[in-house]
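> Data: model07.pdb, PDB, C-alpha atoms.
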```pdb
MODEL        1
ATOM      1  CA  MET A   1      85.011 187.361 158.417
ATOM      2  CA  ASP A   2      84.844 189.913 155.693
ATOM      3  CA  GLY A   3      84.240 193.642 156.045
ATOM      4  CA  LYS A   4      80.506 193.312 155.372
ATOM      5  CA  GLY A   5      79.722 190.966 158.230
ATOM      6  CA  GLY A   6      79.217 187.833 156.082
ATOM      7  CA  SER A   7      80.899 184.542 156.751
ATOM      8  CA  SER A   8      83.913 183.744 154.609
ATOM      9  CA  ARG A   9      84.086 180.569 152.573
ATOM     10  CA  ALA A  10      87.144 178.602 151.675
ATOM     11  CA  PRO A  11      87.868 178.783 147.946
ATOM     12  CA  GLN A  12      86.690 175.696 146.103
ATOM     13  CA  LYS A  13      89.353 173.598 144.489
ATOM     14  CA  ARG A  14      89.125 173.086 140.774
ATOM     15  CA  ARG A  15      88.672 169.534 139.671
ATOM     16  CA  PHE A  16      90.734 168.239 136.773
ATOM     17  CA  TYR A  17      90.096 165.035 134.909
ATOM     18  CA  VAL A  18      93.146 162.765 134.909
ATOM     19  CA  PRO A  19      92.982 159.956 132.317
ATOM     20  CA  THR A  20      93.878 156.468 133.384
ATOM     21  CA  VAL A  21      96.844 154.545 131.993
ATOM     22  CA  ASP A  22      94.497 152.426 129.881
ATOM     23  CA  GLU A  23      92.859 155.536 128.424
ATOM     24  CA  ILE A  24      96.243 157.023 127.560
ATOM     25  CA  GLU A  25      97.303 153.796 125.853
ATOM     26  CA  ALA A  26      93.996 153.704 123.952
ATOM     27  CA  ARG A  27      94.589 157.244 122.698
ATOM     28  CA  ARG A  28      98.071 156.328 121.534
ATOM     29  CA  SER A  29      96.738 153.262 119.750
ATOM     30  CA  ARG A  30      94.101 155.319 117.942
ATOM     31  CA  ALA A  31      96.709 157.909 116.955
ATOM     32  CA  ILE A  32      98.840 155.158 115.436
ATOM     33  CA  ALA A  33      95.831 153.627 113.674
ATOM     34  CA  LEU A  34      94.847 156.978 112.168
ATOM     35  CA  ARG A  35      98.205 157.183 110.409
ATOM     36  CA  GLY A  36      96.918 154.588 107.958
ATOM     37  CA  ASN A  37      93.464 156.123 107.638
ATOM     38  CA  PRO A  38      92.634 156.667 103.933
ATOM     39  CA  ILE A  39      90.410 159.642 104.807
ATOM     40  CA  LEU A  40      93.421 161.782 105.699
ATOM     41  CA  ALA A  41      94.689 161.492 102.118
ATOM     42  CA  HIS A  42      91.663 163.568 101.077
ATOM     43  CA  VAL A  43      92.203 166.346 103.653
ATOM     44  CA  ARG A  44      94.313 168.712 101.590
ATOM     45  CA  ASN A  45      92.903 172.214 102.063
ATOM     46  CA  VAL A  46      93.353 172.651 105.821
ATOM     47  CA  PRO A  47      96.450 171.967 107.969
ATOM     48  CA  TRP A  48      96.347 169.004 110.333
ATOM     49  CA  GLU A  49      98.629 167.025 112.609
ATOM     50  CA  TYR A  50      98.635 163.830 114.634
ATOM     51  CA  GLY A  51      97.963 163.962 118.358
ATOM     52  CA  GLU A  52      96.987 161.826 121.338
ATOM     53  CA  ILE A  53      93.359 162.868 121.787
ATOM     54  CA  GLU A  54      90.186 161.151 122.928
ATOM     55  CA  PRO A  55      88.102 161.791 119.783
ATOM     56  CA  ASP A  56      89.350 160.797 116.343
ATOM     57  CA  TYR A  57      89.526 164.400 115.125
ATOM     58  CA  VAL A  58      89.407 167.805 116.786
ATOM     59  CA  VAL A  59      88.058 170.400 114.360
ATOM     60  CA  GLY A  60      87.738 173.343 116.750
ATOM     61  CA  ARG A  61      88.225 174.391 120.331
ATOM     62  CA  THR A  62      84.861 172.928 121.281
ATOM     63  CA  ALA A  63      84.180 170.611 118.321
ATOM     64  CA  CYS A  64      85.248 167.022 117.762
ATOM     65  CA  VAL A  65      84.539 164.152 115.383
ATOM     66  CA  LEU A  66      84.205 160.426 115.977
ATOM     67  CA  PHE A  67      84.664 158.360 112.831
ATOM     68  CA  LEU A  68      82.812 155.089 112.397
ATOM     69  CA  SER A  69      82.726 152.500 109.644
ATOM     70  CA  LEU A  70      79.204 151.128 109.354
ATOM     71  CA  ARG A  71      80.584 147.692 108.472
ATOM     72  CA  TYR A  72      82.682 147.740 111.649
ATOM     73  CA  HIS A  73      79.674 148.893 113.670
ATOM     74  CA  ARG A  74      77.645 145.884 112.542
ATOM     75  CA  LEU A  75      80.413 143.590 113.793
ATOM     76  CA  HIS A  76      81.128 145.500 117.019
ATOM     77  CA  PRO A  77      77.991 147.451 118.048
ATOM     78  CA  GLU A  78      79.365 148.143 121.549
ATOM     79  CA  TYR A  79      82.337 150.098 120.181
ATOM     80  CA  ILE A  80      80.576 153.416 119.520
ATOM     81  CA  TYR A  81      78.810 153.345 122.913
ATOM     82  CA  ASN A  82      82.180 153.166 124.655
ATOM     83  CA  ARG A  83      83.666 155.904 122.480
ATOM     84  CA  ILE A  84      80.798 158.303 123.178
ATOM     85  CA  GLU A  85      80.938 157.572 126.914
ATOM     86  CA  ARG A  86      84.665 158.354 127.042
ATOM     87  CA  LEU A  87      84.085 161.743 125.423
ATOM     88  CA  LYS A  88      82.231 162.830 128.547
ATOM     89  CA  ARG A  89      81.247 166.534 128.178
ATOM     90  CA  THR A  90      84.524 167.947 126.962
ATOM     91  CA  TYR A  91      83.107 169.181 123.619
ATOM     92  CA  SER A  92      79.956 171.158 122.920
ATOM     93  CA  LEU A  93      79.760 170.096 119.257
ATOM     94  CA  ARG A  94      80.150 166.328 118.900
ATOM     95  CA  ILE A  95      79.965 164.878 115.397
ATOM     96  CA  LEU A  96      79.553 161.227 114.486
ATOM     97  CA  LEU A  97      80.933 160.883 110.959
ATOM     98  CA  THR A  98      79.813 157.519 109.597
ATOM     99  CA  PHE A  99      81.268 155.877 106.508
ATOM    100  CA  VAL A 100      78.497 153.874 104.822
ATOM    101  CA  ASP A 101      80.602 151.027 103.432
ATOM    102  CA  THR A 102      77.972 148.290 103.262
ATOM    103  CA  ASP A 103      74.886 147.772 101.099
ATOM    104  CA  GLU A 104      72.754 146.561 104.004
ATOM    105  CA  HIS A 105      72.637 149.841 105.867
ATOM    106  CA  GLN A 106      69.004 150.761 106.557
ATOM    107  CA  ALA A 107      68.577 149.059 109.938
ATOM    108  CA  ALA A 108      72.074 149.972 111.123
ATOM    109  CA  LEU A 109      71.568 153.647 110.239
ATOM    110  CA  ARG A 110      68.277 153.780 112.112
ATOM    111  CA  GLU A 111      70.065 152.378 115.157
ATOM    112  CA  LEU A 112      72.924 154.879 114.788
ATOM    113  CA  ASN A 113      70.464 157.736 114.537
ATOM    114  CA  LYS A 114      69.037 156.774 117.938
ATOM    115  CA  ILE A 115      72.523 156.395 119.398
ATOM    116  CA  ALA A 116      73.470 159.862 118.119
ATOM    117  CA  ILE A 117      70.394 161.460 119.656
ATOM    118  CA  MET A 118      70.913 159.773 123.015
ATOM    119  CA  GLY A 119      74.633 160.602 123.021
ATOM    120  CA  ASP A 120      74.155 164.258 122.041
ATOM    121  CA  MET A 121      75.939 163.649 118.742
ATOM    122  CA  THR A 122      75.289 165.106 115.299
ATOM    123  CA  LEU A 123      75.200 162.344 112.689
ATOM    124  CA  PHE A 124      76.823 162.845 109.270
ATOM    125  CA  LEU A 125      76.909 160.164 106.564
ATOM    126  CA  ALA A 126      79.678 159.775 104.008
ATOM    127  CA  TRP A 127      79.486 157.327 101.119
ATOM    128  CA  SER A 128      83.195 157.410 100.237
ATOM    129  CA  SER A 129      86.535 158.192 101.847
ATOM    130  CA  GLU A 130      86.792 161.316  99.728
ATOM    131  CA  GLU A 131      83.419 162.604 100.917
ATOM    132  CA  ALA A 132      84.395 161.957 104.546
ATOM    133  CA  GLY A 133      87.630 163.900 103.996
ATOM    134  CA  ARG A 134      85.703 166.816 102.526
ATOM    135  CA  TYR A 135      83.450 166.860 105.575
ATOM    136  CA  LEU A 136      86.489 167.120 107.855
ATOM    137  CA  GLU A 137      87.875 169.961 105.739
ATOM    138  CA  THR A 138      84.577 171.816 105.919
ATOM    139  CA  PHE A 139      84.238 171.386 109.678
ATOM    140  CA  LYS A 140      87.712 172.832 110.198
ATOM    141  CA  ALA A 141      87.371 175.595 107.592
ATOM    142  CA  TYR A 142      84.177 176.860 109.251
ATOM    143  CA  GLU A 143      85.624 176.789 112.773
ATOM    144  CA  PHE A 144      85.549 180.581 113.137
ATOM    145  CA  ARG A 145      82.759 181.332 110.670
ATOM    146  CA  SER A 146      79.516 182.860 111.825
ATOM    147  CA  HIS A 147      76.308 180.923 111.339
ATOM    148  CA  ASP A 148      75.294 183.757 109.016
ATOM    149  CA  ALA A 149      77.516 182.155 106.365
ATOM    150  CA  ILE A 150      74.996 179.344 105.844
ATOM    151  CA  LYS A 151      71.818 181.309 106.435
ATOM    152  CA  GLU A 152      69.481 181.971 103.563
ATOM    153  CA  ARG A 153      70.139 185.373 102.030
ATOM    154  CA  VAL A 154      66.909 187.298 101.567
ATOM    155  CA  GLU A 155      66.983 190.368  99.383
ATOM    156  CA  GLN A 156      65.812 193.574 100.968
ATOM    157  CA  GLY A 157      62.960 195.566  99.532
ATOM    158  CA  TYR A 158      59.206 195.284  99.347
ATOM    159  CA  LEU A 159      58.830 192.907  96.388
ATOM    160  CA  PRO A 160      61.395 190.320  97.613
ATOM    161  CA  GLN A 161      59.759 190.305 101.044
ATOM    162  CA  LEU A 162      56.312 189.977  99.473
ATOM    163  CA  THR A 163      57.579 187.152  97.273
ATOM    164  CA  LYS A 164      59.018 185.292 100.248
ATOM    165  CA  THR A 165      55.727 185.648 102.128
ATOM    166  CA  LEU A 166      53.310 184.653  99.384
ATOM    167  CA  THR A 167      55.356 181.780  97.949
ATOM    168  CA  GLN A 168      54.927 180.006 101.267
ATOM    169  CA  ILE A 169      51.549 179.116  99.759
ATOM    170  CA  LYS A 170      52.158 175.908  97.809
ATOM    171  CA  SER A 171      50.316 176.928  94.632
ATOM    172  CA  VAL A 172      51.775 180.466  94.392
ATOM    173  CA  ASN A 173      55.002 181.065  92.439
ATOM    174  CA  THR A 174      57.111 184.170  91.817
ATOM    175  CA  THR A 175      55.218 185.027  88.617
ATOM    176  CA  ASP A 176      51.947 184.978  90.542
ATOM    177  CA  VAL A 177      53.408 187.349  93.127
ATOM    178  CA  GLN A 178      54.432 189.828  90.423
ATOM    179  CA  THR A 179      50.939 189.632  88.948
ATOM    180  CA  LEU A 180      49.247 190.236  92.290
ATOM    181  CA  SER A 181      51.626 193.067  93.108
ATOM    182  CA  THR A 182      50.876 194.753  89.773
ATOM    183  CA  VAL A 183      47.109 194.357  90.059
ATOM    184  CA  PHE A 184      46.599 195.199  93.732
ATOM    185  CA  GLY A 185      49.659 197.294  94.515
ATOM    186  CA  SER A 186      50.179 196.153  98.098
ATOM    187  CA  LEU A 187      49.623 193.262 100.469
ATOM    188  CA  ARG A 188      46.992 195.284 102.311
ATOM    189  CA  GLN A 189      44.943 195.758  99.156
ATOM    190  CA  LEU A 190      45.404 192.097  98.261
ATOM    191  CA  SER A 191      44.114 191.012 101.672
ATOM    192  CA  ARG A 192      40.990 193.078 101.085
ATOM    193  CA  ALA A 193      40.359 191.666  97.602
ATOM    194  CA  SER A 194      37.496 189.249  97.055
ATOM    195  CA  GLN A 195      37.929 185.770  95.627
ATOM    196  CA  GLU A 196      36.255 186.895  92.416
ATOM    197  CA  GLU A 197      38.808 189.700  91.959
ATOM    198  CA  ILE A 198      41.742 187.351  92.480
ATOM    199  CA  VAL A 199      40.321 184.762  90.051
ATOM    200  CA  LEU A 200      40.274 187.398  87.321
ATOM    201  CA  CYS A 201      44.036 187.951  87.575
ATOM    202  CA  PRO A 202      46.136 186.527  84.689
ATOM    203  CA  GLY A 203      47.389 183.033  85.450
ATOM    204  CA  PHE A 204      44.912 182.460  88.235
ATOM    205  CA  GLY A 205      41.437 180.995  88.054
ATOM    206  CA  ASN A 206      39.525 178.534  90.165
ATOM    207  CA  GLN A 207      42.526 176.179  90.350
ATOM    208  CA  LYS A 208      44.675 178.669  92.288
TER
ENDMDL
END
```
Take the structure in this file and express it as structure tokens.

Amino acid sequence: MDGKGGSSRAPQKRRFYVPTVDEIEARRSRAIALRGNPILAHVRNVPWEYGEIEPDYVVGRTACVLFLSLRYHRLHPEYIYNRIERLKRTYSLRILLTFVDTDEHQAALRELNKIAIMGDMTLFLAWSSEEAGRYLETFKAYEFRSHDAIKERVEQGYLPQLTKTLTQIKSVNTTDVQTLSTVFGSLRQLSRASQEEIVLCPGFGNQK
């Protein structure tokens, strides 16, 4: 009993996943196989090392990469299912990096896209070993970067904001926005303008 009159509970034991002997041997085999992987020859701008891990590459504390040759997938379609299943839920970002090394790829890529969605994987396609290596470099280089690094940068100020808003209309370009801003002065005045007034603006007309 505790001091507040509630019943005490025994502390719950933490559960740890212990890999089987077969899983350990499979990891060792993959580590040995990766030593001859041509992709690693193109990973030059970030440090890396070999290790006995479940995924093919670990690019962050919670991010991993499975590598798949599309030609191999067509011969052994069950392979990637088993690899994804063995990952369990140990990584929050799970990337399926696929090397498109066959000309007949349309049907196989559609199938892989479904597999990625069902397996909570993010699918990336590489068309050469060098491109796949660059992807790995980028994943690792952005490990601690904020998502702001890839967000669109929008200039502050009235005219840039007005331009961003009005160019959402398919037929309106930046020159049109400058014209409207000069003629009407503000978005409020523009919203109150009649169609006839807008048609009279330079560069407009009935087509706009």
> Find, counting all atoms listed in the file, the residue in A:Leu162, A:Val199, A:Tyr81, A:Ile115 that gets nearest to A:Thr174.
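Counting all atoms listed in the file, the residue closest to A:Thr174 is A:Leu162.
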> Determine the residue membership of the PyMOL selection byres ((chain A and resi 84-98) around 7) for the file above and supply it as a ChimeraX atom specification.
/A:54-55,62-70,80-83,99-100,119,121-126
> Quick one: apply the PyMOL selection byres ((chain A and resi 47-49) around 10) to the file and drop the selected residues here as a PyMOL selection string.
chain A and resi 40+43-46+50-51+57-59+137+140-141
> So the first atom is atom CA of A:Thr102 and the second is atom CA of A:Leu75; what is the distance between them in Å, to one decimal place?
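That distance, rounded to one decimal, is 11.8 Å.
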> Translate the PyMOL selection byres ((chain A and resi 171) around 12), as applied to the file shown, into an explicit residue set as a VMD selection string.
chain A and resid 166 to 170 172 to 177 203 to 208
> Report the centre and edge lengths, in Å to one decimal, of an axis-aligned box enclosing every atom of stretch 183-199 of chain A listed in the file, padded by 4 Å on each side, as AutoDock Vina command-line options.

```
--center_x 43.2 --center_y 191.0 --center_z 96.2 --size_x 21.9 --size_y 20.5 --size_z 20.3
```
> Quick one: of A:Leu180, A:Arg74, A:Leu187, A:Glu130, who's nearest to A:Gln106, counting all atoms listed in the file?
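Counting all atoms listed in the file, the residue closest to A:Gln106 is A:Arg74.
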> Have a look at atom CA of A:Ile39 and atom CA of A:Ser129 and let me know their distance in Å, one decimal.
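So the answer is 5.1 Å.
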> Using all atoms listed in the file, can you tell me which of A:Tyr72, A:Phe139, A:Leu200, A:Glu52 comes closest to A:Thr179?
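For A:Thr179, the nearest of the given residues is A:Leu200.
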> A:Leu112, A:Gly185, A:Ala132, A:Leu190: which is nearest A:Tyr79, counting only C-alpha atoms?
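Using only C-alpha atoms, A:Tyr79 sits closest to A:Leu112.
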> Grab the atom CA of A:Ala108 to atom CA of A:His73 distance for me, in Å with one decimal place.
8.1 Å
